[in-house]
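Trainee: Dropping in data_30.csv, which is CSV, C-alpha atoms:
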chain,number,residue,atom,x,y,z
A,1,ALA,CA,4.0,10.2,-11.3
A,2,ARG,CA,4.3,11.2,-14.9
A,3,PRO,CA,4.6,14.7,-16.4
A,4,SER,CA,1.9,13.8,-19.0
A,5,ALA,CA,0.4,10.4,-19.4
A,6,SER,CA,-1.2,11.4,-22.6
A,7,ASN,CA,2.1,11.7,-24.5
A,8,GLY,CA,3.6,8.5,-23.1
A,9,SER,CA,6.2,10.3,-21.0
A,10,ASP,CA,8.3,8.2,-18.6
A,11,TYR,CA,7.6,8.0,-14.8
A,12,LEU,CA,9.4,10.6,-12.7
A,13,TYR,CA,10.5,8.0,-10.2
A,14,LYS,CA,10.6,4.2,-10.6
A,15,PHE,CA,12.7,1.6,-9.0
A,16,THR,CA,13.3,-2.2,-8.8
A,17,TYR,CA,13.7,-3.8,-5.4
A,18,GLY,CA,14.3,-2.2,-2.0
A,19,TYR,CA,12.8,-1.2,1.3
A,20,VAL,CA,9.9,1.3,1.0
A,21,GLU,CA,8.6,3.1,4.1
A,22,SER,CA,6.3,6.0,4.8
A,23,ARG,CA,5.4,7.7,8.1
A,24,PHE,CA,2.0,9.2,8.1
A,25,LYS,CA,-1.1,9.9,10.2
A,26,PHE,CA,-4.4,9.0,8.6
A,27,PRO,CA,-8.0,9.9,9.7
A,28,ALA,CA,-10.1,7.3,11.4
A,29,THR,CA,-13.3,8.5,9.7
A,30,GLN,CA,-15.9,6.2,8.0
A,31,GLY,CA,-15.8,6.9,4.3
A,32,PHE,CA,-12.1,7.8,4.0
A,33,PHE,CA,-9.7,5.3,2.5
A,34,THR,CA,-5.9,5.5,2.8
A,35,ALA,CA,-3.7,3.5,0.4
A,36,PHE,CA,0.1,3.2,0.0
A,37,TRP,CA,0.8,0.9,-2.9
A,38,MET,CA,2.9,0.1,-6.0
A,39,LEU,CA,2.1,-0.7,-9.6
A,40,PRO,CA,4.5,-1.5,-12.5
A,41,ALA,CA,5.9,1.6,-14.1
A,42,ASP,CA,4.3,0.7,-17.4
A,43,PRO,CA,3.0,3.5,-19.6
A,44,THR,CA,0.6,1.1,-21.4
A,45,TYR,CA,-1.2,0.5,-18.1
A,46,THR,CA,-0.6,-3.2,-18.3
A,47,TYR,CA,-0.3,-4.1,-14.6
A,48,ARG,CA,0.6,-7.8,-14.1
A,49,SER,CA,1.1,-7.2,-10.4
A,50,GLU,CA,0.3,-4.8,-7.5
A,51,ILE,CA,1.8,-4.5,-4.1
A,52,ASP,CA,-0.5,-3.0,-1.5
A,53,ILE,CA,1.8,-1.9,1.3
A,54,LEU,CA,-1.3,-0.6,3.2
A,55,GLU,CA,-5.0,-0.2,2.5
A,56,GLU,CA,-7.0,1.2,5.4
A,57,LEU,CA,-10.8,1.7,5.6
A,58,GLY,CA,-11.4,4.7,7.8
A,59,ASN,CA,-14.1,3.1,9.9
A,60,ASP,CA,-11.5,0.5,11.2
A,61,PRO,CA,-8.1,2.1,12.1
A,62,THR,CA,-7.0,-1.3,13.6
A,63,THR,CA,-6.9,-3.4,10.4
A,64,MET,CA,-4.0,-2.6,8.0
A,65,PHE,CA,-4.7,-4.6,4.8
A,66,MET,CA,-1.4,-5.7,3.1
A,67,THR,CA,-1.7,-7.6,-0.2
A,68,TYR,CA,0.5,-8.8,-3.1
A,69,HIS,CA,-1.6,-9.3,-6.3
A,70,TYR,CA,0.3,-11.4,-8.9
A,71,ASN,CA,-0.2,-13.6,-12.0
A,72,ASN,CA,-1.8,-10.7,-13.9
A,73,ARG,CA,-3.5,-9.8,-10.6
A,74,SER,CA,-5.6,-13.0,-10.7
A,75,GLN,CA,-4.0,-14.3,-7.4
A,76,SER,CA,-3.1,-12.7,-4.2
A,77,TYR,CA,-1.3,-13.2,-0.9
A,78,THR,CA,-1.9,-11.3,2.3
A,79,PRO,CA,-0.5,-11.5,5.9
A,80,ASN,CA,-4.0,-10.5,7.1
A,81,ASN,CA,-6.6,-13.2,7.9
A,82,GLY,CA,-9.6,-11.0,7.4
A,83,GLN,CA,-10.6,-7.9,9.3
A,84,TYR,CA,-9.1,-7.2,12.8
A,85,ASN,CA,-6.0,-9.2,11.9
A,86,ASN,CA,-2.6,-7.8,10.8
A,87,GLY,CA,-0.7,-11.1,10.5
A,88,ALA,CA,2.1,-11.1,13.1
A,89,CYS,CA,1.6,-7.4,13.9
A,90,PRO,CA,-0.6,-5.9,16.6
A,91,VAL,CA,-4.2,-5.0,16.1
A,92,VAL,CA,-4.4,-1.5,17.7
A,93,ASP,CA,-5.8,1.9,16.7
A,94,TYR,CA,-3.1,3.1,14.3
A,95,SER,CA,-4.8,6.5,13.8
A,96,LYS,CA,-3.9,7.8,17.2
A,97,ASP,CA,-0.4,8.8,16.1
A,98,TYR,CA,1.9,8.6,13.2
A,99,VAL,CA,2.5,5.0,11.9
A,100,ARG,CA,5.4,3.7,9.8
A,101,MET,CA,4.2,1.4,7.0
A,102,GLY,CA,7.0,-0.5,5.2
A,103,MET,CA,7.6,-3.2,2.7
A,104,ASP,CA,10.8,-5.0,1.7
A,105,TRP,CA,10.7,-6.1,-2.0
A,106,GLU,CA,13.5,-8.3,-3.1
A,107,PRO,CA,13.9,-11.1,-5.8
A,108,GLY,CA,13.1,-13.8,-3.2
A,109,HIS,CA,10.5,-12.2,-1.0
A,110,ILE,CA,8.0,-9.4,-0.2
A,111,ALA,CA,7.7,-8.6,3.5
A,112,TRP,CA,5.3,-6.1,5.2
A,113,TYR,CA,6.1,-4.1,8.3
A,114,ILE,CA,4.2,-1.9,10.7
A,115,ASN,CA,6.4,0.3,13.0
A,116,GLY,CA,9.4,-1.9,12.3
A,117,VAL,CA,7.6,-5.2,13.1
A,118,LYS,CA,7.4,-7.8,10.3
A,119,CYS,CA,3.7,-8.7,9.7
A,120,GLY,CA,4.1,-11.3,7.0
A,121,GLU,CA,6.1,-12.4,4.0
A,122,PHE,CA,5.5,-13.8,0.5
A,123,THR,CA,8.3,-16.1,-0.6
A,124,ASN,CA,7.3,-17.6,-4.0
A,125,ALA,CA,10.3,-16.1,-5.9
A,126,SER,CA,8.9,-17.3,-9.3
A,127,GLN,CA,5.9,-15.0,-8.8
A,128,ILE,CA,7.6,-11.9,-7.5
A,129,GLU,CA,7.5,-8.8,-9.7
A,130,ASN,CA,11.0,-8.1,-11.2
A,131,GLY,CA,10.4,-4.9,-13.2
A,132,PRO,CA,10.5,-1.3,-12.2
A,133,MET,CA,7.5,-0.1,-10.1
A,134,GLN,CA,6.0,3.3,-9.2
A,135,LEU,CA,4.8,4.4,-5.7
A,136,ILE,CA,1.4,5.7,-4.9
A,137,LEU,CA,0.2,7.2,-1.6
A,138,HIS,CA,-3.3,8.7,-1.5
A,139,MET,CA,-6.6,9.1,0.3
A,140,MET,CA,-9.9,8.5,-1.4
A,141,VAL,CA,-13.5,9.1,-0.3
A,142,SER,CA,-16.2,6.4,-0.3
A,143,ASN,CA,-14.7,4.0,-2.8
A,144,ASP,CA,-16.4,0.8,-4.1
A,145,TRP,CA,-14.9,-1.4,-1.5
A,146,MET,CA,-16.2,0.8,1.3
A,147,ARG,CA,-19.7,0.9,-0.2
A,148,SER,CA,-19.7,-2.9,-0.7
A,149,TRP,CA,-18.9,-3.3,3.0
A,150,ASN,CA,-21.6,-0.8,3.9
A,151,VAL,CA,-19.2,1.8,5.4
A,152,PRO,CA,-19.5,4.7,3.0
A,153,LEU,CA,-19.1,8.4,3.8
A,154,LEU,CA,-22.1,9.4,5.8
A,155,ASP,CA,-21.6,13.2,5.7
A,156,ASN,CA,-20.6,14.8,2.4
A,157,THR,CA,-19.5,18.0,4.1
A,158,LEU,CA,-16.6,16.3,6.0
A,159,THR,CA,-13.0,17.1,5.2
A,160,ARG,CA,-10.0,15.2,6.4
A,161,GLU,CA,-6.3,15.1,5.6
A,162,LEU,CA,-3.6,12.6,5.3
A,163,ASP,CA,-0.5,14.0,7.1
A,164,VAL,CA,2.7,12.6,5.5
A,165,ASP,CA,6.0,13.0,7.3
A,166,TYR,CA,8.1,11.1,4.7
A,167,ILE,CA,8.3,8.5,2.0
A,168,ARG,CA,11.6,6.7,1.6
A,169,VAL,CA,13.1,4.1,-0.6
A,170,TYR,CA,16.3,2.3,0.4
A,171,GLN,CA,18.3,0.2,-2.0
A,172,GLN,CA,21.5,-1.7,-1.8
A,173,ALA,CA,24.4,-0.1,-3.7
A,174,PRO,CA,25.4,-2.1,-6.8
A,175,ASN,CA,28.8,-4.0,-6.5
Let me see whether you can do it: turn the structure in this file into structure tokens.

Mentor:
Amino acid sequence: ARPSASNGSDYLYKFTYGYVESRFKFPATQGFFTAFWMLPADPTYTYRSEIDILEELGNDPTTMFMTYHYNNRSQSYTPNNGQYNNGACPVVDYSKDYVRMGMDWEPGHIAWYINGVKCGEFTNASQIENGPMQLILHMMVSNDWMRSWNVPLLDNTLTRELDVDYIRVYQQAPN
């Protein structure tokens, strides 16, 4: 998201507040990890918050982990109540087709959405990030979380892809 992090260049795209959505299809394969998330656009790498729009462990395409990390990432809120729970959203196999993962970030709330259904909302306005953030959408292989849950990649010859239809940010026009 930066032309060159080594020279302190600014982020190519950063924004404050709005509705973020991506439509993608991810692989349901143990060892693959899909994440759509945001960090402050801070070239010093001082991240006081993090918004996980989605974290998905490939062995379980039914659980869409959604989390807001705040207070220097020492506290967190999630609509999920553990695995096989997506807050107010259905627990179904989301890998069968494209899924729309969204998040509305405003001064008074952060709300998560799956296919247009609101899953949960954080409303402690005093703890909500108020500075510009960057978007990240990626797929990793066999990260620490997966290894700690004993669901690592079992076959190092496997290849998979994250098929992304779009990433959009909607913001209200200033008065």

Trainee: Select, from A:Asn115, A:Ser148, A:Asn86, A:Asn71, the residue with the minimum atom-to-atom distance to A:Tyr98, counting all atoms listed in the file.

Mentor: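 Counting all atoms listed in the file, the residue closest to A:Tyr98 is A:Asn115.
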
Trainee: Using all atoms listed in the file for the distances, tell me which of A:Arg160, A:His69, A:Thr44, A:Asp60 is nearest to A:Asp10.

Mentor: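 Closest residue, counting all atoms listed in the file: A:Thr44.
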
Trainee: Neighbours of stretch 28-40 of chain A within 8 Å (only C-alpha atoms; same-chain residues fewer than 2 positions away dropped), as number ranges by chain?

Mentor: A: 26, 42, 46-61, 95, 131-143, 146, 151-154, 162

Trainee: Could the residues in this selection be written to a file with C-alpha atoms, as a short mmCIF file (atom, residue, chain, number, x, y, z; two decimals), in the frame of the given file?

Mentor:
data_model
loop_
_atom_site.label_atom_id
_atom_site.label_comp_id
_atom_site.auth_asym_id
_atom_site.auth_seq_id
_atom_site.Cartn_x
_atom_site.Cartn_y
_atom_site.Cartn_z
CA PHE A 26 -4.40 9.00 8.60
CA ASP A 42 4.30 0.70 -17.40
CA THR A 46 -0.60 -3.20 -18.30
CA TYR A 47 -0.30 -4.10 -14.60
CA ARG A 48 0.60 -7.80 -14.10
CA SER A 49 1.10 -7.20 -10.40
CA GLU A 50 0.30 -4.80 -7.50
CA ILE A 51 1.80 -4.50 -4.10
CA ASP A 52 -0.50 -3.00 -1.50
CA ILE A 53 1.80 -1.90 1.30
CA LEU A 54 -1.30 -0.60 3.20
CA GLU A 55 -5.00 -0.20 2.50
CA GLU A 56 -7.00 1.20 5.40
CA LEU A 57 -10.80 1.70 5.60
CA GLY A 58 -11.40 4.70 7.80
CA ASN A 59 -14.10 3.10 9.90
CA ASP A 60 -11.50 0.50 11.20
CA PRO A 61 -8.10 2.10 12.10
CA SER A 95 -4.80 6.50 13.80
CA GLY A 131 10.40 -4.90 -13.20
CA PRO A 132 10.50 -1.30 -12.20
CA MET A 133 7.50 -0.10 -10.10
CA GLN A 134 6.00 3.30 -9.20
CA LEU A 135 4.80 4.40 -5.70
CA ILE A 136 1.40 5.70 -4.90
CA LEU A 137 0.20 7.20 -1.60
CA HIS A 138 -3.30 8.70 -1.50
CA MET A 139 -6.60 9.10 0.30
CA MET A 140 -9.90 8.50 -1.40
CA VAL A 141 -13.50 9.10 -0.30
CA SER A 142 -16.20 6.40 -0.30
CA ASN A 143 -14.70 4.00 -2.80
CA MET A 146 -16.20 0.80 1.30
CA VAL A 151 -19.20 1.80 5.40
CA PRO A 152 -19.50 4.70 3.00
CA LEU A 153 -19.10 8.40 3.80
CA LEU A 154 -22.10 9.40 5.80
CA LEU A 162 -3.60 12.60 5.30
#

Trainee: Please list as a PyMOL selection string every residue within 9 Å of A:Gly102, counting all atoms listed in the file and excluding residues in the same chain fewer than 4 positions away.

Mentor: chain A and resi 19-23+53-54+111-116+118

Trainee: For a test of reading the model, state the distance in Å between atom CA of A:Gly8 and atom CA of A:Tyr45, rounded to one decimal.

Mentor: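 Distance between the two atoms: 10.6 Å.
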
Trainee: From the set A:Asp155, A:Asp163, A:Glu121, A:Glu129, which residue has the shortest atom-to-atom contact distance to A:Cys89, counting only C-alpha atoms?

Mentor: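 Checking each candidate against A:Cys89, we get A:Glu121 as the closest.
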
Trainee: Expressed in Å to a single decimal, how great is the separation between atom CA of A:Pro174 and atom CA of A:Ile110?

Mentor: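 Here the two named atoms are 20.0 Å from each other.
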
Trainee: Taking only C-alpha atoms into account, which of A:Thr63, A:Thr157, A:Ser76, A:Asn150 comes nearest A:Asn124?

Mentor: A:Ser76

Trainee: Hey, can you check how far atom CA of A:Asp144 sits from atom CA of A:Asn156?

Mentor: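 Straight-line distance from atom CA of A:Asp144 to atom CA of A:Asn156 works out to 16.0 Å.
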
Trainee: For A:Ser74, which residue among A:Thr159, A:Ser6, A:Gln127, A:Gln171 is the nearest when counting all atoms listed in the file?

Mentor: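 Smallest separation from A:Ser74 among the options: A:Gln127.
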
Trainee: Counting only C-alpha atoms, figure out which residue out of A:Val99, A:Met66, A:Val169, A:Val92 gets nearest to A:Asn80.

Mentor: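 Residue with the minimum atom-to-atom distance to A:Asn80: A:Met66.
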
Trainee: Could you rebuild stretch 24-59 of chain A with N, CA and C atoms and give me the result as a PDB file, in the coordinates of the input?

Mentor:
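Okay, part-v4.pdb is ready:
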ATOM      1  N   PHE A  24       3.143   8.342   8.311  1.00  0.00           N
ATOM      2  CA  PHE A  24       2.000   9.200   8.100  1.00  0.00           C
ATOM      3  C   PHE A  24       0.979   9.048   9.197  1.00  0.00           C
ATOM      4  N   LYS A  25       0.050   9.976   9.232  1.00  0.00           N
ATOM      5  CA  LYS A  25      -1.100   9.900  10.200  1.00  0.00           C
ATOM      6  C   LYS A  25      -2.351  10.022   9.301  1.00  0.00           C
ATOM      7  N   PHE A  26      -3.232   9.037   9.450  1.00  0.00           N
ATOM      8  CA  PHE A  26      -4.400   9.000   8.600  1.00  0.00           C
ATOM      9  C   PHE A  26      -5.675   9.237   9.509  1.00  0.00           C
ATOM     10  N   PRO A  27      -6.767   9.690   8.899  1.00  0.00           N
ATOM     11  CA  PRO A  27      -8.000   9.900   9.700  1.00  0.00           C
ATOM     12  C   PRO A  27      -8.756   8.610   9.901  1.00  0.00           C
ATOM     13  N   ALA A  28      -9.277   8.428  11.091  1.00  0.00           N
ATOM     14  CA  ALA A  28     -10.100   7.300  11.400  1.00  0.00           C
ATOM     15  C   ALA A  28     -11.581   7.763  11.260  1.00  0.00           C
ATOM     16  N   THR A  29     -12.002   7.937  10.022  1.00  0.00           N
ATOM     17  CA  THR A  29     -13.300   8.500   9.700  1.00  0.00           C
ATOM     18  C   THR A  29     -13.992   7.578   8.685  1.00  0.00           C
ATOM     19  N   GLN A  30     -15.159   7.040   8.991  1.00  0.00           N
ATOM     20  CA  GLN A  30     -15.900   6.200   8.000  1.00  0.00           C
ATOM     21  C   GLN A  30     -16.025   6.998   6.717  1.00  0.00           C
ATOM     22  N   GLY A  31     -15.725   6.316   5.623  1.00  0.00           N
ATOM     23  CA  GLY A  31     -15.800   6.900   4.300  1.00  0.00           C
ATOM     24  C   GLY A  31     -14.525   7.389   3.724  1.00  0.00           C
ATOM     25  N   PHE A  32     -13.466   7.456   4.535  1.00  0.00           N
ATOM     26  CA  PHE A  32     -12.100   7.800   4.000  1.00  0.00           C
ATOM     27  C   PHE A  32     -11.274   6.592   3.935  1.00  0.00           C
ATOM     28  N   PHE A  33     -10.501   6.495   2.864  1.00  0.00           N
ATOM     29  CA  PHE A  33      -9.700   5.300   2.500  1.00  0.00           C
ATOM     30  C   PHE A  33      -8.284   5.732   2.253  1.00  0.00           C
ATOM     31  N   THR A  34      -7.336   5.201   3.018  1.00  0.00           N
ATOM     32  CA  THR A  34      -5.900   5.500   2.800  1.00  0.00           C
ATOM     33  C   THR A  34      -5.240   4.323   2.156  1.00  0.00           C
ATOM     34  N   ALA A  35      -4.419   4.580   1.142  1.00  0.00           N
ATOM     35  CA  ALA A  35      -3.700   3.500   0.400  1.00  0.00           C
ATOM     36  C   ALA A  35      -2.282   3.930   0.126  1.00  0.00           C
ATOM     37  N   PHE A  36      -1.346   3.020   0.376  1.00  0.00           N
ATOM     38  CA  PHE A  36       0.100   3.200   0.000  1.00  0.00           C
ATOM     39  C   PHE A  36       0.410   1.910  -0.733  1.00  0.00           C
ATOM     40  N   TRP A  37       0.692   2.083  -2.042  1.00  0.00           N
ATOM     41  CA  TRP A  37       0.800   0.900  -2.900  1.00  0.00           C
ATOM     42  C   TRP A  37       1.723   1.139  -4.070  1.00  0.00           C
ATOM     43  N   MET A  38       1.944   0.071  -4.849  1.00  0.00           N
ATOM     44  CA  MET A  38       2.900   0.100  -6.000  1.00  0.00           C
ATOM     45  C   MET A  38       2.248  -0.619  -7.178  1.00  0.00           C
ATOM     46  N   LEU A  39       2.491  -0.064  -8.354  1.00  0.00           N
ATOM     47  CA  LEU A  39       2.100  -0.700  -9.600  1.00  0.00           C
ATOM     48  C   LEU A  39       3.347  -0.682 -10.533  1.00  0.00           C
ATOM     49  N   PRO A  40       3.415  -1.612 -11.490  1.00  0.00           N
ATOM     50  CA  PRO A  40       4.500  -1.500 -12.500  1.00  0.00           C
ATOM     51  C   PRO A  40       4.542  -0.190 -13.160  1.00  0.00           C
ATOM     52  N   ALA A  41       5.743   0.296 -13.420  1.00  0.00           N
ATOM     53  CA  ALA A  41       5.900   1.600 -14.100  1.00  0.00           C
ATOM     54  C   ALA A  41       5.789   1.298 -15.623  1.00  0.00           C
ATOM     55  N   ASP A  42       4.584   1.034 -16.057  1.00  0.00           N
ATOM     56  CA  ASP A  42       4.300   0.700 -17.400  1.00  0.00           C
ATOM     57  C   ASP A  42       3.358   1.681 -18.053  1.00  0.00           C
ATOM     58  N   PRO A  43       3.859   2.496 -18.996  1.00  0.00           N
ATOM     59  CA  PRO A  43       3.000   3.500 -19.600  1.00  0.00           C
ATOM     60  C   PRO A  43       1.835   3.006 -20.391  1.00  0.00           C
ATOM     61  N   THR A  44       1.796   1.692 -20.664  1.00  0.00           N
ATOM     62  CA  THR A  44       0.600   1.100 -21.400  1.00  0.00           C
ATOM     63  C   THR A  44      -0.454   0.700 -20.425  1.00  0.00           C
ATOM     64  N   TYR A  45      -0.224   0.885 -19.118  1.00  0.00           N
ATOM     65  CA  TYR A  45      -1.200   0.500 -18.100  1.00  0.00           C
ATOM     66  C   TYR A  45      -1.460  -0.985 -18.036  1.00  0.00           C
ATOM     67  N   THR A  46      -0.462  -1.785 -18.401  1.00  0.00           N
ATOM     68  CA  THR A  46      -0.600  -3.200 -18.300  1.00  0.00           C
ATOM     69  C   THR A  46       0.065  -3.622 -16.965  1.00  0.00           C
ATOM     70  N   TYR A  47      -0.757  -3.859 -15.989  1.00  0.00           N
ATOM     71  CA  TYR A  47      -0.300  -4.100 -14.600  1.00  0.00           C
ATOM     72  C   TYR A  47      -0.435  -5.585 -14.295  1.00  0.00           C
ATOM     73  N   ARG A  48       0.657  -6.334 -14.409  1.00  0.00           N
ATOM     74  CA  ARG A  48       0.600  -7.800 -14.100  1.00  0.00           C
ATOM     75  C   ARG A  48       0.675  -8.051 -12.619  1.00  0.00           C
ATOM     76  N   SER A  49       1.045  -7.027 -11.832  1.00  0.00           N
ATOM     77  CA  SER A  49       1.100  -7.200 -10.400  1.00  0.00           C
ATOM     78  C   SER A  49       0.767  -5.900  -9.691  1.00  0.00           C
ATOM     79  N   GLU A  50       0.587  -5.998  -8.370  1.00  0.00           N
ATOM     80  CA  GLU A  50       0.300  -4.800  -7.500  1.00  0.00           C
ATOM     81  C   GLU A  50       0.716  -5.188  -6.119  1.00  0.00           C
ATOM     82  N   ILE A  51       1.416  -4.273  -5.474  1.00  0.00           N
ATOM     83  CA  ILE A  51       1.800  -4.500  -4.100  1.00  0.00           C
ATOM     84  C   ILE A  51       1.090  -3.429  -3.245  1.00  0.00           C
ATOM     85  N   ASP A  52       0.176  -3.876  -2.390  1.00  0.00           N
ATOM     86  CA  ASP A  52      -0.500  -3.000  -1.500  1.00  0.00           C
ATOM     87  C   ASP A  52       0.266  -3.011  -0.151  1.00  0.00           C
ATOM     88  N   ILE A  53       1.021  -1.965   0.099  1.00  0.00           N
ATOM     89  CA  ILE A  53       1.800  -1.900   1.300  1.00  0.00           C
ATOM     90  C   ILE A  53       0.756  -1.642   2.477  1.00  0.00           C
ATOM     91  N   LEU A  54      -0.261  -0.862   2.198  1.00  0.00           N
ATOM     92  CA  LEU A  54      -1.300  -0.600   3.200  1.00  0.00           C
ATOM     93  C   LEU A  54      -2.601  -0.199   2.416  1.00  0.00           C
ATOM     94  N   GLU A  55      -3.718  -0.759   2.843  1.00  0.00           N
ATOM     95  CA  GLU A  55      -5.000  -0.200   2.500  1.00  0.00           C
ATOM     96  C   GLU A  55      -5.796  -0.187   3.817  1.00  0.00           C
ATOM     97  N   GLU A  56      -6.357   0.971   4.129  1.00  0.00           N
ATOM     98  CA  GLU A  56      -7.000   1.200   5.400  1.00  0.00           C
ATOM     99  C   GLU A  56      -8.373   1.821   5.209  1.00  0.00           C
ATOM    100  N   LEU A  57      -9.405   1.142   5.689  1.00  0.00           N
ATOM    101  CA  LEU A  57     -10.800   1.700   5.600  1.00  0.00           C
ATOM    102  C   LEU A  57     -10.965   2.538   6.875  1.00  0.00           C
ATOM    103  N   GLY A  58     -11.354   3.783   6.701  1.00  0.00           N
ATOM    104  CA  GLY A  58     -11.400   4.700   7.800  1.00  0.00           C
ATOM    105  C   GLY A  58     -12.288   4.361   8.977  1.00  0.00           C
ATOM    106  N   ASN A  59     -13.263   3.482   8.777  1.00  0.00           N
ATOM    107  CA  ASN A  59     -14.100   3.100   9.900  1.00  0.00           C
ATOM    108  C   ASN A  59     -13.390   2.089  10.827  1.00  0.00           C
TER     109      ASN A  59
END
